[in-house]
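Novice: Sharing upload.json (JSON, C-alpha atoms) below.
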```
[["chain", "number", "residue", "atom", "x", "y", "z"],
["A", 1, "ILE", "CA", 215.87, 121.50, 169.27],
["A", 2, "ALA", "CA", 215.33, 119.74, 165.93],
["A", 3, "GLN", "CA", 216.01, 116.38, 167.60],
["A", 4, "GLY", "CA", 213.52, 117.32, 170.34],
["A", 5, "GLU", "CA", 210.86, 118.18, 167.79],
["A", 6, "GLN", "CA", 211.35, 114.76, 166.23],
["A", 7, "VAL", "CA", 211.00, 113.08, 169.65],
["A", 8, "PHE", "CA", 207.85, 115.17, 170.30],
["A", 9, "LYS", "CA", 206.35, 113.68, 167.16],
["A", 10, "GLU", "CA", 207.69, 110.14, 167.67],
["A", 11, "ILE", "CA", 206.15, 109.74, 171.11],
["A", 12, "ARG", "CA", 202.95, 111.41, 169.78],
["A", 13, "CYS", "CA", 202.73, 114.52, 171.93],
["A", 14, "ASN", "CA", 201.35, 116.06, 168.74],
["A", 15, "ALA", "CA", 198.23, 113.88, 169.03],
["A", 16, "CYS", "CA", 196.77, 116.65, 171.22],
["A", 17, "HIS", "CA", 199.38, 119.39, 170.93],
["A", 18, "LEU", "CA", 198.95, 119.92, 167.17],
["A", 19, "ASP", "CA", 201.89, 121.74, 165.66],
["A", 20, "GLU", "CA", 199.83, 123.41, 162.96],
["A", 21, "VAL", "CA", 196.28, 124.80, 162.82],
["A", 22, "GLN", "CA", 194.54, 126.67, 160.04],
["A", 23, "THR", "CA", 192.37, 129.62, 161.07],
["A", 24, "SER", "CA", 188.93, 129.89, 159.52],
["A", 25, "ASN", "CA", 187.92, 132.28, 156.77],
["A", 26, "ARG", "CA", 184.95, 133.64, 158.75],
["A", 27, "SER", "CA", 186.66, 136.33, 160.81],
["A", 28, "LYS", "CA", 185.63, 139.95, 160.37],
["A", 29, "LEU", "CA", 189.35, 140.74, 160.28],
["A", 30, "ALA", "CA", 190.85, 139.82, 156.92],
["A", 31, "GLU", "CA", 194.37, 139.66, 158.34],
["A", 32, "VAL", "CA", 193.54, 136.65, 160.53],
["A", 33, "ARG", "CA", 191.59, 134.65, 157.96],
["A", 34, "ASP", "CA", 193.11, 131.47, 156.52],
["A", 35, "GLN", "CA", 196.33, 131.77, 158.48],
["A", 36, "THR", "CA", 198.54, 128.86, 159.46],
["A", 37, "ILE", "CA", 199.39, 129.16, 163.15],
["A", 38, "ARG", "CA", 201.53, 126.95, 165.37],
["A", 39, "PRO", "CA", 199.86, 126.97, 168.79],
["A", 40, "TYR", "CA", 200.66, 123.34, 169.70],
["A", 41, "THR", "CA", 197.09, 122.60, 170.78],
["A", 42, "ASP", "CA", 193.97, 121.01, 169.38],
["A", 43, "MET", "CA", 191.85, 123.27, 171.64],
["A", 44, "LEU", "CA", 189.78, 120.23, 172.66],
["A", 45, "LEU", "CA", 188.80, 118.73, 176.00],
["A", 46, "HIS", "CA", 190.60, 115.54, 177.02],
["A", 47, "ASP", "CA", 190.29, 113.18, 179.96],
["A", 48, "MET", "CA", 193.57, 113.66, 181.83],
["A", 49, "GLY", "CA", 192.93, 111.05, 184.52],
["A", 50, "GLU", "CA", 192.20, 111.07, 188.22],
["A", 51, "GLY", "CA", 195.61, 112.49, 189.18],
["A", 52, "LEU", "CA", 194.77, 115.85, 187.62],
["A", 53, "ALA", "CA", 191.07, 115.84, 188.46],
["A", 54, "ASP", "CA", 189.72, 118.91, 190.21],
["A", 55, "ASN", "CA", 186.20, 117.42, 190.44],
["A", 56, "PHE", "CA", 184.74, 120.60, 188.98],
["A", 57, "VAL", "CA", 182.01, 119.96, 186.43],
["A", 58, "GLU", "CA", 181.43, 122.69, 183.89],
["A", 59, "GLY", "CA", 179.15, 122.19, 180.90],
["A", 60, "LEU", "CA", 180.16, 118.99, 179.14],
["A", 61, "ALA", "CA", 183.50, 118.80, 180.97],
["A", 62, "ASN", "CA", 183.72, 116.51, 183.98],
["A", 63, "GLY", "CA", 186.31, 116.97, 186.72],
["A", 64, "GLN", "CA", 188.95, 114.98, 184.84],
["A", 65, "MET", "CA", 188.67, 116.89, 181.59],
["A", 66, "TRP", "CA", 191.02, 119.68, 180.56],
["A", 67, "ARG", "CA", 191.31, 121.72, 177.40],
["A", 68, "THR", "CA", 194.68, 121.20, 175.73],
["A", 69, "PRO", "CA", 196.67, 124.34, 176.49],
["A", 70, "ALA", "CA", 198.67, 125.99, 173.74],
["A", 71, "LEU", "CA", 202.38, 125.33, 174.12],
["A", 72, "TRP", "CA", 203.47, 128.32, 172.06],
["A", 73, "GLY", "CA", 205.27, 130.71, 174.34],
["A", 74, "ILE", "CA", 205.89, 128.02, 176.99],
["A", 75, "GLY", "CA", 209.61, 128.75, 176.81],
["A", 76, "TYR", "CA", 208.89, 132.15, 178.37],
["A", 77, "THR", "CA", 207.04, 130.73, 181.37],
["A", 78, "GLN", "CA", 210.10, 130.90, 183.59],
["A", 79, "TYR", "CA", 210.54, 134.60, 182.79],
["A", 80, "VAL", "CA", 207.03, 135.94, 183.38],
["A", 81, "ALA", "CA", 205.81, 137.71, 186.51],
["A", 82, "ALA", "CA", 209.17, 139.38, 187.18],
["A", 83, "GLY", "CA", 210.88, 136.16, 188.19],
["A", 84, "THR", "CA", 208.08, 134.89, 190.42],
["A", 85, "PRO", "CA", 207.81, 131.14, 189.90],
["A", 86, "THR", "CA", 204.93, 130.25, 187.62],
["A", 87, "GLY", "CA", 203.57, 126.85, 186.86],
["A", 88, "TYR", "CA", 203.05, 124.58, 183.92],
["A", 89, "LEU", "CA", 200.26, 122.23, 182.95],
["A", 90, "HIS", "CA", 196.60, 123.00, 182.38],
["A", 91, "ASP", "CA", 196.21, 124.82, 185.66],
["A", 92, "GLY", "CA", 199.77, 125.87, 186.55],
["A", 93, "ARG", "CA", 200.32, 123.29, 189.31],
["A", 94, "ALA", "CA", 203.46, 121.69, 187.82],
["A", 95, "ARG", "CA", 206.76, 123.33, 188.72],
["A", 96, "THR", "CA", 208.71, 122.00, 185.73],
["A", 97, "LEU", "CA", 208.00, 120.77, 182.22],
["A", 98, "THR", "CA", 209.06, 117.27, 183.25],
["A", 99, "GLU", "CA", 206.61, 117.32, 186.15],
["A", 100, "ALA", "CA", 203.86, 118.54, 183.82],
["A", 101, "ILE", "CA", 204.46, 115.70, 181.38],
["A", 102, "VAL", "CA", 204.67, 113.04, 184.09],
["A", 103, "TRP", "CA", 201.35, 114.18, 185.58],
["A", 104, "HIS", "CA", 199.54, 113.46, 182.32],
["A", 105, "GLY", "CA", 197.15, 110.54, 182.65],
["A", 106, "GLY", "CA", 193.90, 109.37, 181.14],
["A", 107, "GLU", "CA", 194.06, 109.73, 177.37],
["A", 108, "ALA", "CA", 197.74, 110.75, 177.61],
["A", 109, "GLU", "CA", 198.89, 107.88, 179.83],
["A", 110, "VAL", "CA", 200.58, 105.99, 176.97],
["A", 111, "ILE", "CA", 202.39, 109.11, 175.76],
["A", 112, "LYS", "CA", 203.51, 109.94, 179.30],
["A", 113, "ASN", "CA", 204.98, 106.45, 179.61],
["A", 114, "ARG", "CA", 206.82, 106.91, 176.31],
["A", 115, "PHE", "CA", 208.37, 110.07, 177.76],
["A", 116, "ILE", "CA", 209.36, 108.27, 180.97],
["A", 117, "ASN", "CA", 211.05, 105.55, 178.91],
["A", 118, "LEU", "CA", 213.08, 107.96, 176.76],
["A", 119, "ASN", "CA", 216.83, 107.87, 177.09],
["A", 120, "SER", "CA", 218.45, 110.91, 178.69],
["A", 121, "ASP", "CA", 219.55, 112.49, 175.41],
["A", 122, "ASP", "CA", 216.08, 112.27, 173.84],
["A", 123, "ARG", "CA", 214.43, 113.56, 177.01],
["A", 124, "GLN", "CA", 216.75, 116.56, 177.17],
["A", 125, "ALA", "CA", 216.22, 117.22, 173.46],
["A", 126, "LEU", "CA", 212.45, 117.16, 173.93],
["A", 127, "LEU", "CA", 212.67, 119.58, 176.86],
["A", 128, "ALA", "CA", 214.95, 121.87, 174.81],
["A", 129, "PHE", "CA", 212.40, 121.82, 172.00],
["A", 130, "LEU", "CA", 209.57, 122.73, 174.38],
["A", 131, "GLY", "CA", 211.73, 125.52, 175.79],
["A", 132, "SER", "CA", 212.14, 126.92, 172.28],
["A", 133, "LEU", "CA", 208.42, 127.35, 171.72]]
```
Could you express the structure from this file as structure tokens?
Specialist:
Amino acid sequence: IAQGEQVFKEIRCNACHLDEVQTSNRSKLAEVRDQTIRPYTDMLLHDMGEGLADNFVEGLANGQMWRTPALWGIGYTQYVAAGTPTGYLHDGRARTLTEAIVWHGGEAEVIKNRFINLNSDDRQALLAFLGSL
């Protein structure tokens, strides 16, 4: 898992899936102010390329733009819905984490290619790390 976290950072998955975010101090609830959380997202819209486009325009987002989903809890995806298969990626269409990564395009094309070019040990370590979140 530690090796996978290092690979995650080396190939720059953390460019969009930030490993640390500071909450604001403006919440009405004191217990959530100024907290460090680890959602593995930047909560921003990114162009993910034509392969993931749904051609649905909403506000400032065109059909190729997706908000970076939080990766925290992704290790539980396979266990939710009483064993019913659930999906990965921004909209749940990927059946595996590998498929989700390989479908990245647009702004993430370079990072996807870095994943594809990983050796088997590094790829498995990265997937183990993601499964630990």
Novice: I want to know what sits within 6 Å of Leu45 (chain A), based on only C-alpha atoms, with residues of the same chain fewer than 2 positions away left out; could you give that as a list in words?
Specialist: Met65, Trp66 and Arg67 of chain A
Novice: At what distance in Å, to one decimal, does CA of Ile74 (chain A) lie from CA of Thr23 (chain A)?
Specialist: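 For CA of Thr23 (chain A) relative to CA of Ile74 (chain A), the distance reads 20.9 Å.
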Novice: Enter the distance from CA of Ser132 (chain A) to CA of Gly73 (chain A), in Å, rounded to one decimal.
Specialist: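 Those two atoms sit 8.1 Å apart.
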Novice: Of the candidates A:Leu89, A:Ile1, A:Ala108, A:Ala94, which one gets nearest to Ala70 (chain A) if we count all atoms listed in the file?
Specialist: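 Answer, going by the shortest atom-to-atom distance: A:Leu89.
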Novice: Just to confirm, what's the straight-line distance from CA of Ile116 (chain A) to CA of Gly63 (chain A) in Å (one decimal)?
Specialist: 25.3 Å
Novice: Using all atoms listed in the file for the distances, tell me which of A:Arg123, A:Arg26, A:His17, A:Arg114 is nearest to Thr98 (chain A).
Specialist: A:Arg123
Novice: For each of A:Gly75, A:Met43, A:Val110, A:Thr86, take the minimum atom-to-atom distance to Leu130 (chain A), counting all atoms listed in the file, then give the residue where this is smallest.
Specialist: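 Checking each candidate against Leu130 (chain A), we get A:Gly75 as the closest.
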Novice: Write out as a VMD selection string each polymer residue whose atoms come within 10 Å of Cys13 (chain A), counting all atoms listed in the file; drop sequence neighbours fewer than 3 positions from it.
Specialist: chain A and resid 5 7 to 10 16 to 19 40 to 41 101 108 111 to 112 114 to 115
